[in-house]
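**Student:** Quick one, input27.pdb (PDB, C-alpha atoms, pLDDT in the B column):
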```
ATOM      1  CA  MET A  30     106.200 102.071  81.302  1.00 48.00           C
ATOM      2  CA  VAL A  31     106.245  98.429  80.242  1.00 51.00           C
ATOM      3  CA  GLN A  32     109.842  98.741  79.057  1.00 64.00           C
ATOM      4  CA  ALA A  33     110.882 100.360  82.343  1.00 74.00           C
ATOM      5  CA  VAL A  34     109.481  97.478  84.399  1.00 88.00           C
ATOM      6  CA  GLN A  35     109.305  94.362  82.214  1.00 88.00           C
ATOM      7  CA  GLY A  36     111.917  91.909  83.448  1.00 94.00           C
ATOM      8  CA  ALA A  37     113.161  94.281  86.153  1.00 97.00           C
ATOM      9  CA  LYS A  38     114.414  92.953  89.461  1.00 98.00           C
ATOM     10  CA  VAL A  39     112.505  94.822  92.155  1.00 98.00           C
ATOM     11  CA  VAL A  40     112.663  95.063  95.952  1.00 98.00           C
ATOM     12  CA  VAL A  41     109.725  96.431  97.944  1.00 98.00           C
ATOM     13  CA  THR A  42     110.158  96.940 101.675  1.00 98.00           C
ATOM     14  CA  GLY A  43     107.218  96.904 104.049  1.00 97.00           C
ATOM     15  CA  ALA A  44     105.369  94.883 101.427  1.00 98.00           C
ATOM     16  CA  GLY A  45     103.403  92.560 103.686  1.00 97.00           C
ATOM     17  CA  GLY A  46     100.352  94.800 103.317  1.00 97.00           C
ATOM     18  CA  GLY A  47      99.098  98.261 102.436  1.00 96.00           C
ATOM     19  CA  ILE A  48     100.951 100.348  99.879  1.00 97.00           C
ATOM     20  CA  GLY A  49     103.908  97.974  99.775  1.00 98.00           C
ATOM     21  CA  ALA A  50     101.771  94.980  98.866  1.00 98.00           C
ATOM     22  CA  ALA A  51      99.985  97.025  96.199  1.00 98.00           C
ATOM     23  CA  LEU A  52     103.318  98.067  94.690  1.00 98.00           C
ATOM     24  CA  ALA A  53     104.630  94.505  94.758  1.00 98.00           C
ATOM     25  CA  ARG A  54     101.523  93.215  93.002  1.00 98.00           C
ATOM     26  CA  ARG A  55     101.668  95.927  90.364  1.00 97.00           C
ATOM     27  CA  PHE A  56     105.338  95.364  89.569  1.00 98.00           C
ATOM     28  CA  ALA A  57     104.726  91.622  89.313  1.00 98.00           C
ATOM     29  CA  ASP A  58     101.725  92.197  87.043  1.00 97.00           C
ATOM     30  CA  ARG A  59     103.993  94.226  84.741  1.00 95.00           C
ATOM     31  CA  GLY A  60     106.491  91.403  84.415  1.00 96.00           C
ATOM     32  CA  ALA A  61     109.004  92.235  87.137  1.00 97.00           C
ATOM     33  CA  ARG A  62     110.584  89.752  89.510  1.00 97.00           C
ATOM     34  CA  VAL A  63     109.816  91.009  92.996  1.00 98.00           C
ATOM     35  CA  VAL A  64     111.357  90.561  96.430  1.00 98.00           C
ATOM     36  CA  VAL A  65     108.733  91.114  99.114  1.00 98.00           C
ATOM     37  CA  ASN A  66     110.338  92.371 102.306  1.00 98.00           C
ATOM     38  CA  ASP A  67     108.586  92.714 105.652  1.00 97.00           C
ATOM     39  CA  LEU A  68     109.283  92.178 109.332  1.00 96.00           C
ATOM     40  CA  ASP A  69     106.227  89.910 109.474  1.00 97.00           C
ATOM     41  CA  ALA A  70     107.316  86.615 107.922  1.00 97.00           C
ATOM     42  CA  ASP A  71     103.803  85.277 107.374  1.00 97.00           C
ATOM     43  CA  ARG A  72     102.626  88.396 105.591  1.00 97.00           C
ATOM     44  CA  ALA A  73     105.740  88.626 103.433  1.00 98.00           C
ATOM     45  CA  LYS A  74     105.441  84.988 102.398  1.00 98.00           C
ATOM     46  CA  ALA A  75     101.725  85.343 101.669  1.00 98.00           C
ATOM     47  CA  VAL A  76     102.226  88.272  99.291  1.00 98.00           C
ATOM     48  CA  ALA A  77     105.267  86.640  97.677  1.00 98.00           C
ATOM     49  CA  GLY A  78     103.315  83.440  97.144  1.00 98.00           C
ATOM     50  CA  GLU A  79     100.414  85.340  95.618  1.00 98.00           C
ATOM     51  CA  ILE A  80     102.567  87.132  93.035  1.00 98.00           C
ATOM     52  CA  GLY A  81     105.187  84.483  92.371  1.00 97.00           C
ATOM     53  CA  GLY A  82     107.802  86.573  94.131  1.00 98.00           C
ATOM     54  CA  LEU A  83     110.486  85.986  96.721  1.00 98.00           C
ATOM     55  CA  ALA A  84     110.053  86.686 100.430  1.00 98.00           C
ATOM     56  CA  VAL A  85     112.981  88.212 102.310  1.00 97.00           C
ATOM     57  CA  VAL A  86     112.069  88.694 105.942  1.00 97.00           C
ATOM     58  CA  GLY A  87     113.762  91.270 108.131  1.00 95.00           C
ATOM     59  CA  ASP A  88     114.576  94.877 108.850  1.00 93.00           C
ATOM     60  CA  ALA A  89     114.335  97.210 105.846  1.00 93.00           C
ATOM     61  CA  SER A  90     117.572  98.873 106.974  1.00 89.00           C
ATOM     62  CA  SER A  91     119.649  95.825 106.080  1.00 93.00           C
ATOM     63  CA  VAL A  92     117.708  94.033 103.370  1.00 96.00           C
ATOM     64  CA  VAL A  93     119.678  95.009 100.254  1.00 97.00           C
ATOM     65  CA  ALA A  94     122.388  92.350 100.360  1.00 97.00           C
ATOM     66  CA  GLU A  95     120.007  89.419 100.928  1.00 97.00           C
ATOM     67  CA  ALA A  96     117.488  90.733  98.425  1.00 97.00           C
ATOM     68  CA  ARG A  97     120.162  91.227  95.795  1.00 97.00           C
ATOM     69  CA  ASP A  98     121.388  87.666  96.297  1.00 97.00           C
ATOM     70  CA  ALA A  99     117.814  86.372  95.980  1.00 97.00           C
ATOM     71  CA  LEU A 100     117.495  88.213  92.666  1.00 97.00           C
ATOM     72  CA  GLY A 101     120.709  86.779  91.253  1.00 97.00           C
ATOM     73  CA  GLY A 102     123.033  89.645  92.079  1.00 97.00           C
ATOM     74  CA  THR A 103     121.172  92.655  90.679  1.00 97.00           C
ATOM     75  CA  VAL A 104     118.536  95.118  91.872  1.00 98.00           C
ATOM     76  CA  ASP A 105     117.013  97.364  89.212  1.00 98.00           C
ATOM     77  CA  VAL A 106     114.254  99.024  91.253  1.00 98.00           C
ATOM     78  CA  TYR A 107     114.238  99.603  94.996  1.00 98.00           C
ATOM     79  CA  CYS A 108     111.036 100.719  96.705  1.00 98.00           C
ATOM     80  CA  ALA A 109     111.846 102.183 100.128  1.00 98.00           C
ATOM     81  CA  ASN A 110     108.309 101.785 101.379  1.00 97.00           C
ATOM     82  CA  ALA A 111     108.592 100.587 104.986  1.00 96.00           C
ATOM     83  CA  GLY A 112     107.606 103.292 107.434  1.00 94.00           C
ATOM     84  CA  VAL A 113     106.404 103.924 110.955  1.00 92.00           C
ATOM     85  CA  GLY A 114     104.112 106.520 112.458  1.00 85.00           C
ATOM     86  CA  ARG A 115     104.981 107.341 116.063  1.00 68.00           C
ATOM     87  CA  ASP A 116     103.947 110.006 118.548  1.00 64.00           C
ATOM     88  CA  GLY A 117     107.081 111.374 120.182  1.00 58.00           C
ATOM     89  CA  GLY A 118     105.272 113.275 122.900  1.00 56.00           C
ATOM     90  CA  GLU A 119     104.211 116.913 122.877  1.00 60.00           C
ATOM     91  CA  PRO A 120     106.251 119.695 124.517  1.00 55.00           C
ATOM     92  CA  GLY A 121     105.799 119.498 128.256  1.00 56.00           C
ATOM     93  CA  GLU A 122     105.194 115.746 128.151  1.00 65.00           C
ATOM     94  CA  PRO A 123     107.847 113.062 128.744  1.00 67.00           C
ATOM     95  CA  LEU A 124     109.990 112.805 125.599  1.00 68.00           C
ATOM     96  CA  ASP A 125     109.678 109.455 123.838  1.00 82.00           C
ATOM     97  CA  GLU A 126     113.238 109.276 122.570  1.00 87.00           C
ATOM     98  CA  GLN A 127     112.756 105.665 121.472  1.00 89.00           C
ATOM     99  CA  GLY A 128     109.866 106.739 119.282  1.00 88.00           C
ATOM    100  CA  TRP A 129     111.959 109.490 117.711  1.00 92.00           C
ATOM    101  CA  ALA A 130     114.906 107.136 117.180  1.00 94.00           C
ATOM    102  CA  LEU A 131     112.732 104.472 115.566  1.00 94.00           C
ATOM    103  CA  SER A 132     111.133 107.036 113.260  1.00 94.00           C
ATOM    104  CA  TRP A 133     114.529 108.346 112.146  1.00 96.00           C
ATOM    105  CA  ASP A 134     115.863 104.847 111.601  1.00 96.00           C
ATOM    106  CA  VAL A 135     112.953 103.483 109.563  1.00 96.00           C
ATOM    107  CA  ASN A 136     111.665 106.590 107.793  1.00 97.00           C
ATOM    108  CA  VAL A 137     115.029 108.127 106.889  1.00 98.00           C
ATOM    109  CA  MET A 138     118.121 106.058 107.631  1.00 97.00           C
ATOM    110  CA  ALA A 139     116.751 102.897 106.010  1.00 97.00           C
ATOM    111  CA  HIS A 140     116.560 104.900 102.767  1.00 98.00           C
ATOM    112  CA  VAL A 141     120.084 106.229 103.235  1.00 98.00           C
ATOM    113  CA  ARG A 142     121.497 102.760 103.921  1.00 98.00           C
ATOM    114  CA  ALA A 143     119.726 101.272 100.902  1.00 98.00           C
ATOM    115  CA  ALA A 144     121.014 103.985  98.584  1.00 98.00           C
ATOM    116  CA  HIS A 145     124.529 103.561  99.981  1.00 98.00           C
ATOM    117  CA  ALA A 146     124.389  99.844  99.143  1.00 97.00           C
ATOM    118  CA  LEU A 147     122.781 100.254  95.714  1.00 98.00           C
ATOM    119  CA  LEU A 148     124.474 103.286  94.186  1.00 98.00           C
ATOM    120  CA  PRO A 149     127.905 101.836  93.385  1.00 98.00           C
ATOM    121  CA  ASP A 150     126.392  99.226  91.051  1.00 98.00           C
ATOM    122  CA  TRP A 151     123.804 101.616  89.613  1.00 98.00           C
ATOM    123  CA  LEU A 152     126.395 104.281  88.841  1.00 98.00           C
ATOM    124  CA  GLU A 153     128.726 101.747  87.284  1.00 98.00           C
ATOM    125  CA  ARG A 154     126.067 100.489  84.867  1.00 97.00           C
ATOM    126  CA  GLY A 155     124.325 103.839  84.442  1.00 98.00           C
ATOM    127  CA  SER A 156     120.839 102.796  85.528  1.00 97.00           C
ATOM    128  CA  GLY A 157     118.724 102.222  88.620  1.00 97.00           C
ATOM    129  CA  ARG A 158     115.407 103.350  90.066  1.00 98.00           C
ATOM    130  CA  PHE A 159     114.799 104.403  93.684  1.00 98.00           C
ATOM    131  CA  VAL A 160     111.182 104.766  94.795  1.00 98.00           C
ATOM    132  CA  SER A 161     110.651 106.477  98.141  1.00 98.00           C
ATOM    133  CA  THR A 162     107.255 106.222  99.814  1.00 98.00           C
ATOM    134  CA  VAL A 163     107.199 109.515 101.664  1.00 97.00           C
ATOM    135  CA  SER A 164     103.847 111.149 102.525  1.00 96.00           C
ATOM    136  CA  ALA A 165     102.109 114.448 102.011  1.00 96.00           C
ATOM    137  CA  ALA A 166     103.429 115.073 105.533  1.00 95.00           C
ATOM    138  CA  GLY A 167     106.875 115.300 103.937  1.00 97.00           C
ATOM    139  CA  LEU A 168     105.728 118.255 101.864  1.00 97.00           C
ATOM    140  CA  LEU A 169     103.335 119.740 104.391  1.00 95.00           C
ATOM    141  CA  THR A 170     103.035 118.667 108.055  1.00 94.00           C
ATOM    142  CA  MET A 171     100.668 116.357 109.909  1.00 93.00           C
ATOM    143  CA  ILE A 172      99.116 117.444 113.190  1.00 90.00           C
ATOM    144  CA  GLY A 173      99.575 115.278 116.249  1.00 89.00           C
ATOM    145  CA  THR A 174     102.820 113.531 115.421  1.00 89.00           C
ATOM    146  CA  ALA A 175     106.099 115.416 115.310  1.00 91.00           C
ATOM    147  CA  PRO A 176     108.347 112.381 114.645  1.00 93.00           C
ATOM    148  CA  TYR A 177     106.332 111.313 111.591  1.00 94.00           C
ATOM    149  CA  SER A 178     106.168 114.822 110.132  1.00 95.00           C
ATOM    150  CA  VAL A 179     109.831 115.630 110.743  1.00 96.00           C
ATOM    151  CA  THR A 180     111.208 112.345 109.449  1.00 97.00           C
ATOM    152  CA  LYS A 181     108.973 112.350 106.380  1.00 98.00           C
ATOM    153  CA  HIS A 182     110.391 115.790 105.570  1.00 98.00           C
ATOM    154  CA  GLY A 183     113.794 114.124 105.871  1.00 98.00           C
ATOM    155  CA  ALA A 184     112.793 111.247 103.591  1.00 98.00           C
ATOM    156  CA  TYR A 185     111.590 113.697 100.962  1.00 98.00           C
ATOM    157  CA  ALA A 186     114.765 115.770 101.221  1.00 98.00           C
ATOM    158  CA  PHE A 187     116.918 112.671 100.777  1.00 98.00           C
ATOM    159  CA  ALA A 188     114.961 111.532  97.717  1.00 98.00           C
ATOM    160  CA  GLU A 189     115.259 115.038  96.267  1.00 98.00           C
ATOM    161  CA  TRP A 190     118.999 115.035  96.911  1.00 98.00           C
ATOM    162  CA  LEU A 191     119.408 111.658  95.214  1.00 98.00           C
ATOM    163  CA  SER A 192     117.534 112.889  92.172  1.00 98.00           C
ATOM    164  CA  LEU A 193     119.409 116.156  91.711  1.00 98.00           C
ATOM    165  CA  THR A 194     122.762 114.470  92.340  1.00 98.00           C
ATOM    166  CA  TYR A 195     122.503 111.381  90.143  1.00 98.00           C
ATOM    167  CA  ARG A 196     119.824 111.886  87.476  1.00 98.00           C
ATOM    168  CA  HIS A 197     122.453 112.692  84.824  1.00 98.00           C
ATOM    169  CA  ARG A 198     124.103 109.356  85.627  1.00 98.00           C
ATOM    170  CA  GLY A 199     121.032 107.247  84.918  1.00 97.00           C
ATOM    171  CA  VAL A 200     119.494 106.990  88.390  1.00 98.00           C
ATOM    172  CA  LYS A 201     115.744 107.623  88.420  1.00 98.00           C
ATOM    173  CA  VAL A 202     114.108 108.702  91.688  1.00 98.00           C
ATOM    174  CA  HIS A 203     110.412 108.945  92.546  1.00 98.00           C
ATOM    175  CA  ALA A 204     108.967 110.384  95.775  1.00 98.00           C
ATOM    176  CA  ILE A 205     105.398 109.238  96.475  1.00 98.00           C
ATOM    177  CA  CYS A 206     103.529 111.716  98.685  1.00 98.00           C
ATOM    178  CA  PRO A 207      99.933 110.625  99.359  1.00 97.00           C
ATOM    179  CA  GLN A 208      97.625 111.927 102.049  1.00 94.00           C
ATOM    180  CA  GLY A 209      95.404 109.320 103.696  1.00 91.00           C
ATOM    181  CA  VAL A 210      95.603 105.765 102.371  1.00 93.00           C
ATOM    182  CA  ARG A 211      93.394 102.985 103.732  1.00 91.00           C
ATOM    183  CA  THR A 212      96.057 100.956 105.505  1.00 87.00           C
ATOM    184  CA  ASP A 213      96.847  99.734 109.005  1.00 85.00           C
ATOM    185  CA  MET A 214      98.876 102.898 109.575  1.00 85.00           C
ATOM    186  CA  LEU A 215      95.841 105.069 108.864  1.00 80.00           C
ATOM    187  CA  ASP A 216      93.762 102.965 111.272  1.00 80.00           C
ATOM    188  CA  ALA A 217      96.429 103.536 113.925  1.00 81.00           C
ATOM    189  CA  SER A 218      96.600 107.300 113.376  1.00 78.00           C
ATOM    190  CA  GLY A 219      93.801 107.930 115.876  1.00 83.00           C
ATOM    191  CA  SER A 220      91.562 110.956 116.024  1.00 83.00           C
ATOM    192  CA  ALA A 221      94.013 113.170 114.104  1.00 85.00           C
ATOM    193  CA  GLY A 222      93.895 110.759 111.181  1.00 84.00           C
ATOM    194  CA  ASP A 223      90.127 110.540 111.452  1.00 87.00           C
ATOM    195  CA  LEU A 224      89.872 114.323 111.153  1.00 87.00           C
ATOM    196  CA  VAL A 225      92.510 115.095 108.517  1.00 86.00           C
ATOM    197  CA  LEU A 226      93.128 111.961 106.492  1.00 86.00           C
ATOM    198  CA  LYS A 227      90.158 109.616 106.414  1.00 90.00           C
ATOM    199  CA  PRO A 228      87.681 111.905 104.604  1.00 91.00           C
ATOM    200  CA  THR A 229      89.788 111.807 101.423  1.00 91.00           C
ATOM    201  CA  ALA A 230      91.548 108.466 101.948  1.00 92.00           C
ATOM    202  CA  ILE A 231      92.279 106.367  98.871  1.00 92.00           C
ATOM    203  CA  GLU A 232      93.116 102.706  98.357  1.00 96.00           C
ATOM    204  CA  PRO A 233      96.703 101.391  98.192  1.00 96.00           C
ATOM    205  CA  GLU A 234      96.040 100.401  94.581  1.00 98.00           C
ATOM    206  CA  ASP A 235      95.417 104.069  93.772  1.00 98.00           C
ATOM    207  CA  VAL A 236      98.929 104.833  95.012  1.00 98.00           C
ATOM    208  CA  ALA A 237     100.340 102.137  92.740  1.00 98.00           C
ATOM    209  CA  ASP A 238      98.409 103.648  89.822  1.00 97.00           C
ATOM    210  CA  ALA A 239      99.926 107.058  90.558  1.00 98.00           C
ATOM    211  CA  LEU A 240     103.449 105.651  90.749  1.00 98.00           C
ATOM    212  CA  PHE A 241     103.165 103.878  87.418  1.00 97.00           C
ATOM    213  CA  ARG A 242     101.845 107.023  85.776  1.00 97.00           C
ATOM    214  CA  GLY A 243     104.862 108.817  87.219  1.00 97.00           C
ATOM    215  CA  ILE A 244     107.231 106.170  85.890  1.00 96.00           C
ATOM    216  CA  ASP A 245     105.608 106.453  82.477  1.00 95.00           C
ATOM    217  CA  GLU A 246     106.022 110.253  82.536  1.00 95.00           C
ATOM    218  CA  ASP A 247     109.463 110.147  84.178  1.00 95.00           C
ATOM    219  CA  ARG A 248     108.299 112.355  87.085  1.00 97.00           C
ATOM    220  CA  PHE A 249     110.048 112.725  90.421  1.00 98.00           C
ATOM    221  CA  LEU A 250     107.119 113.905  92.541  1.00 98.00           C
ATOM    222  CA  ILE A 251     104.166 111.507  92.667  1.00 98.00           C
ATOM    223  CA  LEU A 252     100.949 112.978  94.112  1.00 98.00           C
ATOM    224  CA  PRO A 253      98.158 110.394  94.418  1.00 98.00           C
ATOM    225  CA  HIS A 254      96.084 113.266  95.872  1.00 97.00           C
ATOM    226  CA  PRO A 255      96.536 115.999  93.219  1.00 97.00           C
ATOM    227  CA  GLU A 256      95.255 118.693  95.581  1.00 97.00           C
ATOM    228  CA  VAL A 257      98.470 118.367  97.589  1.00 97.00           C
ATOM    229  CA  ALA A 258     100.234 120.354  94.857  1.00 97.00           C
ATOM    230  CA  GLU A 259      98.071 123.382  95.629  1.00 97.00           C
ATOM    231  CA  TYR A 260      98.617 123.001  99.379  1.00 96.00           C
ATOM    232  CA  TYR A 261     102.364 122.811  98.760  1.00 97.00           C
ATOM    233  CA  ARG A 262     102.290 125.961  96.637  1.00 97.00           C
ATOM    234  CA  ALA A 263     100.279 127.786  99.296  1.00 96.00           C
ATOM    235  CA  ARG A 264     102.686 126.701 102.018  1.00 96.00           C
ATOM    236  CA  ALA A 265     105.644 128.112 100.052  1.00 97.00           C
ATOM    237  CA  ALA A 266     103.949 131.303  98.866  1.00 98.00           C
ATOM    238  CA  GLU A 267     102.088 132.300 102.038  1.00 97.00           C
ATOM    239  CA  PRO A 268     103.584 130.491 105.022  1.00 97.00           C
ATOM    240  CA  GLU A 269     101.857 132.628 107.668  1.00 97.00           C
ATOM    241  CA  ARG A 270      98.447 132.033 106.126  1.00 96.00           C
ATOM    242  CA  TRP A 271      99.187 128.336 105.731  1.00 95.00           C
ATOM    243  CA  LEU A 272     100.358 127.981 109.342  1.00 97.00           C
ATOM    244  CA  SER A 273      97.266 129.805 110.582  1.00 97.00           C
ATOM    245  CA  GLY A 274      95.081 127.419 108.622  1.00 95.00           C
ATOM    246  CA  MET A 275      96.882 124.397 110.010  1.00 95.00           C
ATOM    247  CA  ASN A 276      96.593 125.822 113.501  1.00 96.00           C
ATOM    248  CA  ARG A 277      92.820 126.057 113.032  1.00 95.00           C
ATOM    249  CA  ILE A 278      92.823 122.349 112.232  1.00 95.00           C
ATOM    250  CA  GLN A 279      94.972 121.719 115.313  1.00 93.00           C
ATOM    251  CA  ARG A 280      92.477 123.574 117.510  1.00 94.00           C
ATOM    252  CA  GLN A 281      89.599 121.723 115.900  1.00 93.00           C
ATOM    253  CA  TRP A 282      91.346 118.456 116.704  1.00 91.00           C
ATOM    254  CA  GLU A 283      92.058 119.500 120.301  1.00 91.00           C
ATOM    255  CA  ALA A 284      88.381 120.270 120.788  1.00 91.00           C
ATOM    256  CA  THR A 285      87.503 116.646 119.988  1.00 86.00           C
ATOM    257  CA  ARG A 286      90.010 115.042 122.378  1.00 76.00           C
TER     258      ARG A 286
END
```
Would you mind writing the file's structure down as structure tokens?
**Tutor:**
Amino acid sequence: MVQAVQGAKVVVTGAGGGIGAALARRFADRGARVVVNDLDADRAKAVAGEIGGLAVVGDASSVVAEARDALGGTVDVYCANAGVGRDGGEPGEPLDEQGWALSWDVNVMAHVRAAHALLPDWLERGSGRFVSTVSAAGLLTMIGTAPYSVTKHGAYAFAEWLSLTYRHRGVKVHAICPQGVRTDMLDASGSAGDLVLKPTAIEPEDVADALFRGIDEDRFLILPHPEVAEYYRARAAEPERWLSGMNRIQRQWEATR
């Protein structure tokens, strides 16, 4: 693990707080030089100042070029961590197309754009590491928010595609899929998050721990909540039973609204 990170040039998007800040701190602690990216300039600069990193403020969809310049022309590890959780409206309600578009852009297309910018150099030198902060919602599904669930499935699928396509050419890919994590996004998830996520929520630092164990073991799928593996197996093996169980949770949630 130390060899994989020591001296590496790392970019973490959405790193002004939460999981991103925890990842930035952990990489810096392990001897990496870290670019802290966030839309919030004050938060990005605060985390960068704390860890001796570099703040690059702006949209995660277009950060690669500026971050690479800040790191002297090379990115070794890219953490596609920035994400949004939006409610796109339920069937029968007015469709929030802006919410859907934003979710696609941040949760999926920002990853695609970053990989498009990074892969030519990584493939030429035969090394690179792409870390995608997905969610257990990308393996399962979260009640109450179709855009988040659908786009996190997309983020997971893209990370999986990157791994199966380029692993023999030296590109390492990790997909982090936690359930509830005590962040601003969890606080904003409302009553659905209170019901499903908060009871087993972990700290952002626990997610960083899980990632670094995964790096050490060279694992693609990172599960900070190990029980998600069993849920994922059940979903694949018995989809009708799994859907019925999730529908019970949906009805339980509806009864509290």
**Student:** Translate the PyMOL selection byres ((chain A and resi 162) around 12) into a concrete residue list for this structure, as a short mmCIF file (atom, residue, chain, number, x, y, z; two decimals) with C-alpha atoms, in the coordinates of the input.
**Tutor:**
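For reference, result_3.cif as written:
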```cif
data_model
loop_
_atom_site.label_atom_id
_atom_site.label_comp_id
_atom_site.auth_asym_id
_atom_site.auth_seq_id
_atom_site.Cartn_x
_atom_site.Cartn_y
_atom_site.Cartn_z
CA VAL A 41 109.72 96.43 97.94
CA THR A 42 110.16 96.94 101.68
CA GLY A 43 107.22 96.90 104.05
CA ALA A 44 105.37 94.88 101.43
CA GLY A 47 99.10 98.26 102.44
CA ILE A 48 100.95 100.35 99.88
CA GLY A 49 103.91 97.97 99.78
CA LEU A 52 103.32 98.07 94.69
CA TYR A 107 114.24 99.60 95.00
CA CYS A 108 111.04 100.72 96.70
CA ALA A 109 111.85 102.18 100.13
CA ASN A 110 108.31 101.78 101.38
CA ALA A 111 108.59 100.59 104.99
CA GLY A 112 107.61 103.29 107.43
CA VAL A 113 106.40 103.92 110.96
CA VAL A 135 112.95 103.48 109.56
CA ASN A 136 111.66 106.59 107.79
CA VAL A 137 115.03 108.13 106.89
CA ALA A 139 116.75 102.90 106.01
CA HIS A 140 116.56 104.90 102.77
CA PHE A 159 114.80 104.40 93.68
CA VAL A 160 111.18 104.77 94.80
CA SER A 161 110.65 106.48 98.14
CA VAL A 163 107.20 109.52 101.66
CA SER A 164 103.85 111.15 102.52
CA ALA A 165 102.11 114.45 102.01
CA ALA A 166 103.43 115.07 105.53
CA GLY A 167 106.88 115.30 103.94
CA LYS A 181 108.97 112.35 106.38
CA HIS A 182 110.39 115.79 105.57
CA GLY A 183 113.79 114.12 105.87
CA ALA A 184 112.79 111.25 103.59
CA TYR A 185 111.59 113.70 100.96
CA PHE A 187 116.92 112.67 100.78
CA ALA A 188 114.96 111.53 97.72
CA VAL A 202 114.11 108.70 91.69
CA HIS A 203 110.41 108.94 92.55
CA ALA A 204 108.97 110.38 95.78
CA ILE A 205 105.40 109.24 96.48
CA CYS A 206 103.53 111.72 98.68
CA PRO A 207 99.93 110.62 99.36
CA GLN A 208 97.62 111.93 102.05
CA VAL A 210 95.60 105.76 102.37
CA PRO A 233 96.70 101.39 98.19
CA VAL A 236 98.93 104.83 95.01
CA ALA A 237 100.34 102.14 92.74
CA ALA A 239 99.93 107.06 90.56
CA LEU A 240 103.45 105.65 90.75
CA PHE A 249 110.05 112.72 90.42
CA LEU A 250 107.12 113.90 92.54
CA ILE A 251 104.17 111.51 92.67
CA LEU A 252 100.95 112.98 94.11
CA PRO A 253 98.16 110.39 94.42
#
```
**Student:** Pick from A:Thr285, A:Asn66, A:Ser178, A:Thr170: nearest to A:Val39, with only C-alpha atoms counted?
**Tutor:**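 Closest candidate: A:Asn66.
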**Student:** List the residues matched by the PyMOL selection byres ((chain A and resi 176) around 10) in the displayed structure as a list in words, ordered by chain and then by residue number.
**Tutor:**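 Written out, the selection comes to Val113, Gly114, Arg115, Asp116, Gly117, Gly118, Asp125, Glu126, Gly128, Trp129, Ala130, Leu131, Ser132, Trp133, Asn136, Met171, Gly173, Thr174, Ala175, Tyr177, Ser178, Val179, Thr180, Lys181 and His182 of chain A.
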**Student:** Go ahead and dump the residues you just picked, C-alpha atoms, as a PDB file, in the frame of the given file.
**Tutor:**
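After the write, out_31.pdb holds the following:
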```pdb
ATOM      1  CA  VAL A 113     106.404 103.924 110.955  1.00 92.00           C
ATOM      2  CA  GLY A 114     104.112 106.520 112.458  1.00 85.00           C
ATOM      3  CA  ARG A 115     104.981 107.341 116.063  1.00 68.00           C
ATOM      4  CA  ASP A 116     103.947 110.006 118.548  1.00 64.00           C
ATOM      5  CA  GLY A 117     107.081 111.374 120.182  1.00 58.00           C
ATOM      6  CA  GLY A 118     105.272 113.275 122.900  1.00 56.00           C
ATOM      7  CA  ASP A 125     109.678 109.455 123.838  1.00 82.00           C
ATOM      8  CA  GLU A 126     113.238 109.276 122.570  1.00 87.00           C
ATOM      9  CA  GLY A 128     109.866 106.739 119.282  1.00 88.00           C
ATOM     10  CA  TRP A 129     111.959 109.490 117.711  1.00 92.00           C
ATOM     11  CA  ALA A 130     114.906 107.136 117.180  1.00 94.00           C
ATOM     12  CA  LEU A 131     112.732 104.472 115.566  1.00 94.00           C
ATOM     13  CA  SER A 132     111.133 107.036 113.260  1.00 94.00           C
ATOM     14  CA  TRP A 133     114.529 108.346 112.146  1.00 96.00           C
ATOM     15  CA  ASN A 136     111.665 106.590 107.793  1.00 97.00           C
ATOM     16  CA  MET A 171     100.668 116.357 109.909  1.00 93.00           C
ATOM     17  CA  GLY A 173      99.575 115.278 116.249  1.00 89.00           C
ATOM     18  CA  THR A 174     102.820 113.531 115.421  1.00 89.00           C
ATOM     19  CA  ALA A 175     106.099 115.416 115.310  1.00 91.00           C
ATOM     20  CA  TYR A 177     106.332 111.313 111.591  1.00 94.00           C
ATOM     21  CA  SER A 178     106.168 114.822 110.132  1.00 95.00           C
ATOM     22  CA  VAL A 179     109.831 115.630 110.743  1.00 96.00           C
ATOM     23  CA  THR A 180     111.208 112.345 109.449  1.00 97.00           C
ATOM     24  CA  LYS A 181     108.973 112.350 106.380  1.00 98.00           C
ATOM     25  CA  HIS A 182     110.391 115.790 105.570  1.00 98.00           C
TER      26      HIS A 182
END
```
**Student:** Atom CA of A:Val64 to atom CA of A:His145: how many Å, to one decimal?
**Tutor:**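 These two atoms are separated by 18.8 Å.
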**Student:** Between atom CA of A:Val85 and atom CA of A:Ser218, what is the distance, to one decimal in Å?
**Tutor:** 27.5 Å
**Student:** Could you please determine the separation between atom CA of A:Val34 and atom CA of A:Arg154 in Å, to one decimal place?
**Tutor:** 16.9 Å
**Student:** Applying 10 Å and only C-alpha atoms, which residues near A:Arg286 remain after dropping the ones on its own chain fewer than 2 positions away? List them as a list in words.
**Tutor:**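 In the requested form, the answer reads Ser220, Ala221, Gln281, Trp282, Glu283 and Ala284 of chain A.
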**Student:** Taking the file as I've supplied it (selection: the PyMOL selection byres ((chain A and resi 70) around 9)), which residues are included? Please answer as a PDB file with C-alpha atoms, keeping the file's coordinate frame.
**Tutor:**
```
ATOM      1  CA  GLY A  45     103.403  92.560 103.686  1.00 97.00           C
ATOM      2  CA  ASN A  66     110.338  92.371 102.306  1.00 98.00           C
ATOM      3  CA  ASP A  67     108.586  92.714 105.652  1.00 97.00           C
ATOM      4  CA  LEU A  68     109.283  92.178 109.332  1.00 96.00           C
ATOM      5  CA  ASP A  69     106.227  89.910 109.474  1.00 97.00           C
ATOM      6  CA  ASP A  71     103.803  85.277 107.374  1.00 97.00           C
ATOM      7  CA  ARG A  72     102.626  88.396 105.591  1.00 97.00           C
ATOM      8  CA  ALA A  73     105.740  88.626 103.433  1.00 98.00           C
ATOM      9  CA  LYS A  74     105.441  84.988 102.398  1.00 98.00           C
ATOM     10  CA  ALA A  75     101.725  85.343 101.669  1.00 98.00           C
ATOM     11  CA  ALA A  84     110.053  86.686 100.430  1.00 98.00           C
ATOM     12  CA  VAL A  85     112.981  88.212 102.310  1.00 97.00           C
ATOM     13  CA  VAL A  86     112.069  88.694 105.942  1.00 97.00           C
ATOM     14  CA  GLY A  87     113.762  91.270 108.131  1.00 95.00           C
TER      15      GLY A  87
END
```
